[in-house]
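Novice: Structure below; questions to follow.
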Amino acid sequence: MRQGELKGLQWPSLDWLTRTVAVRHSYDDRGKTLVAPKNNRTRHIPLDIDVYTMLYRRKKDTGYVFRGSESRPFTNYRMHYAIRKLCKKAGFRTIGWHTLRHTFASHLACAECGTVQNLSHF
């Protein structure tokens with residue numbers, strides 16, 4: 001998911017029976033509002049069992065899934081700060097959220113064609 005889509009993710013968008021996320025919104029930091037996702041189309045993403053389990057334990061009926069202060073979505077600054085902190089703690093070079101999106105897509109493509117890659121390039 002894109003950063004804005006993660007920030008705008010709300011609990012009703014999670015389908016617990018099919019283990020999918022419906023990406024319906026993106027959070028716009030400038031306007032502080034929910035907007036349509038890129039391409040203006042809802043898409044459905046399957047949830048990995050570990051992610052599903054973690055989210056299910058925190059399950060709520062309404063509101064944002066990932067919240068910052070005052071139950072509002074995370075800000076751009078807070079997300080960048082968090083990933084920098086995680087990279088430092090893990091001993092990785094600093095990367096951005098978009099890098100994670102592309103890395104996941106690359107690894108997914110390799111898994112489907114039977115190629116395994118090493119994550120040591122981080």
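Naming scheme: A, B, ... for chains in displayed order of the structure tokens; residues 1 onward per chain; ligands 1 onward as shown.
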Please return as a JSON list (two decimals) with N, CA and C atoms, in the first residue's frame: the residues of chain A that backbone DSSP assigns to strand (DSSP E).
Specialist:
[["chain", "number", "residue", "atom", "x", "y", "z"],
["A", 14, "LEU", "N", -11.31, -3.60, 6.41],
["A", 14, "LEU", "CA", -10.73, -4.93, 6.60],
["A", 14, "LEU", "C", -11.84, -5.97, 6.59],
["A", 15, "ASP", "N", -11.70, -6.96, 5.73],
["A", 15, "ASP", "CA", -12.67, -8.04, 5.65],
["A", 15, "ASP", "C", -12.07, -9.25, 6.36],
["A", 20, "THR", "N", -8.81, -9.83, 3.56],
["A", 20, "THR", "CA", -8.40, -8.84, 2.58],
["A", 20, "THR", "C", -8.61, -7.43, 3.11],
["A", 21, "VAL", "N", -7.90, -6.50, 2.49],
["A", 21, "VAL", "CA", -8.05, -5.07, 2.76],
["A", 21, "VAL", "C", -8.60, -4.44, 1.50],
["A", 22, "ALA", "N", -9.65, -3.66, 1.64],
["A", 22, "ALA", "CA", -10.18, -2.88, 0.52],
["A", 22, "ALA", "C", -9.55, -1.49, 0.62],
["A", 23, "VAL", "N", -8.75, -1.12, -0.36],
["A", 23, "VAL", "CA", -8.11, 0.19, -0.37],
["A", 23, "VAL", "C", -9.08, 1.16, -1.04],
["A", 26, "SER", "N", -7.13, 7.40, 0.57],
["A", 26, "SER", "CA", -5.76, 7.82, 0.84],
["A", 26, "SER", "C", -5.88, 9.08, 1.69],
["A", 27, "TYR", "N", -4.99, 9.26, 2.64],
["A", 27, "TYR", "CA", -5.05, 10.44, 3.50],
["A", 27, "TYR", "C", -4.17, 11.53, 2.90],
["A", 28, "ASP", "N", -4.78, 12.68, 2.68],
["A", 28, "ASP", "CA", -4.07, 13.84, 2.13],
["A", 28, "ASP", "C", -3.60, 14.72, 3.28],
["A", 33, "THR", "N", -7.64, 15.40, 4.85],
["A", 33, "THR", "CA", -8.89, 14.74, 4.51],
["A", 33, "THR", "C", -8.60, 13.41, 3.81],
["A", 34, "LEU", "N", -9.62, 12.58, 3.73],
["A", 34, "LEU", "CA", -9.53, 11.35, 2.96],
["A", 34, "LEU", "C", -9.90, 11.67, 1.51],
["A", 35, "VAL", "N", -9.12, 11.15, 0.60],
["A", 35, "VAL", "CA", -9.36, 11.32, -0.83],
["A", 35, "VAL", "C", -9.36, 9.94, -1.48],
["A", 43, "ARG", "N", -9.18, -1.19, -4.66],
["A", 43, "ARG", "CA", -8.52, -2.47, -4.95],
["A", 43, "ARG", "C", -8.47, -3.28, -3.66],
["A", 44, "HIS", "N", -8.36, -4.60, -3.82],
["A", 44, "HIS", "CA", -8.36, -5.51, -2.68],
["A", 44, "HIS", "C", -7.01, -6.20, -2.58],
["A", 45, "ILE", "N", -6.47, -6.21, -1.36],
["A", 45, "ILE", "CA", -5.15, -6.78, -1.11],
["A", 45, "ILE", "C", -5.29, -7.89, -0.08],
["A", 46, "PRO", "N", -4.74, -9.09, -0.37],
["A", 46, "PRO", "CA", -4.80, -10.16, 0.63],
["A", 46, "PRO", "C", -3.88, -9.85, 1.81]]
Novice: Residues within 12 Å of Tyr77 (chain A), please, as an NGL selection string. Count only C-alpha atoms; anything in the same chain fewer than 2 positions from it doesn't count.
Specialist: :A and (3 or 29 or 68 or 73-75 or 79-84 or 96-97)
Novice: Residues of the last selection are to be written out with N, CA, C and O atoms, as a CSV table (one decimal), in the first residue's frame.
Specialist:
chain,number,residue,atom,x,y,z
A,3,GLN,N,1.8,5.1,1.2
A,3,GLN,CA,1.9,5.7,2.5
A,3,GLN,C,0.5,6.4,2.8
A,3,GLN,O,0.0,6.2,3.9
A,29,ASP,N,-2.3,14.8,3.5
A,29,ASP,CA,-1.7,15.6,4.6
A,29,ASP,C,-2.0,17.1,4.4
A,29,ASP,O,-2.3,17.7,5.4
A,68,GLY,N,-2.1,8.3,15.1
A,68,GLY,CA,-1.1,9.1,15.8
A,68,GLY,C,-1.8,9.7,17.0
A,68,GLY,O,-2.7,9.1,17.6
A,73,PRO,N,-4.9,10.3,11.9
A,73,PRO,CA,-3.9,9.5,11.1
A,73,PRO,C,-2.5,10.1,11.4
A,73,PRO,O,-2.3,11.2,11.8
A,74,PHE,N,-1.5,9.2,11.2
A,74,PHE,CA,-0.1,9.6,11.3
A,74,PHE,C,0.2,10.7,10.3
A,74,PHE,O,-0.4,10.8,9.2
A,75,THR,N,1.1,11.6,10.7
A,75,THR,CA,1.6,12.6,9.8
A,75,THR,C,2.7,12.1,8.9
A,75,THR,O,3.4,11.1,9.3
A,79,MET,N,5.7,9.4,10.2
A,79,MET,CA,6.0,8.1,9.5
A,79,MET,C,7.5,8.0,9.0
A,79,MET,O,8.1,7.0,9.2
A,80,HIS,N,8.0,9.2,8.5
A,80,HIS,CA,9.4,9.2,8.1
A,80,HIS,C,10.3,9.0,9.3
A,80,HIS,O,11.4,8.3,9.3
A,81,TYR,N,10.0,9.6,10.4
A,81,TYR,CA,10.8,9.5,11.7
A,81,TYR,C,10.8,8.0,12.1
A,81,TYR,O,11.8,7.5,12.5
A,82,ALA,N,9.6,7.4,12.1
A,82,ALA,CA,9.5,6.0,12.6
A,82,ALA,C,10.4,5.1,11.7
A,82,ALA,O,11.1,4.2,12.3
A,83,ILE,N,10.3,5.2,10.4
A,83,ILE,CA,11.1,4.3,9.6
A,83,ILE,C,12.6,4.6,9.7
A,83,ILE,O,13.4,3.6,9.7
A,84,ARG,N,13.0,5.8,9.9
A,84,ARG,CA,14.4,6.1,10.1
A,84,ARG,C,14.9,5.5,11.4
A,84,ARG,O,16.0,4.9,11.5
A,96,GLY,N,13.1,4.8,2.5
A,96,GLY,CA,11.8,5.5,2.7
A,96,GLY,C,10.7,4.5,2.5
A,96,GLY,O,10.9,3.3,2.1
A,97,TRP,N,9.5,4.9,2.7
A,97,TRP,CA,8.3,4.0,2.6
A,97,TRP,C,8.1,3.5,1.2
A,97,TRP,O,7.7,2.4,1.0
Novice: Just the residues within 8 Å of region 63-67 of chain A, please, counting only C-alpha atoms, with nothing from its chain fewer than 6 positions along; format it as a ChimeraX atom specification.
Specialist: /A:6-11,73-74
Novice: Measuring atom to atom with only C-alpha atoms, identify which of A:Ala36, A:Val51, A:Cys87, A:Ala109 is nearest to Arg19 (chain A).
Specialist: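 That would be A:Val51, the residue with the smallest distance to Arg19 (chain A).
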Novice: Restricting the calculation to only C-alpha atoms: of A:His98, A:Lys60, A:Arg78, A:Lys89, which residue gets closest to Trp16 (chain A)?
Specialist: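 Closest to Trp16 (chain A) of all the choices is A:Lys60.
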Novice: Would you mind telling me which residue in A:Cys110, A:Ser13, A:Arg41, A:Arg2 lies nearest to Asp61 (chain A) when using only C-alpha atoms?
Specialist: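 Checking each candidate against Asp61 (chain A), we get A:Ser13 as the closest.
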Novice: If you run DSSP on the backbone, which residues of region 41-103 of chain A are alpha helix (DSSP H), as a VMD selection string?
Specialist: chain A and resid 49 to 57 76 to 90 97 to 103
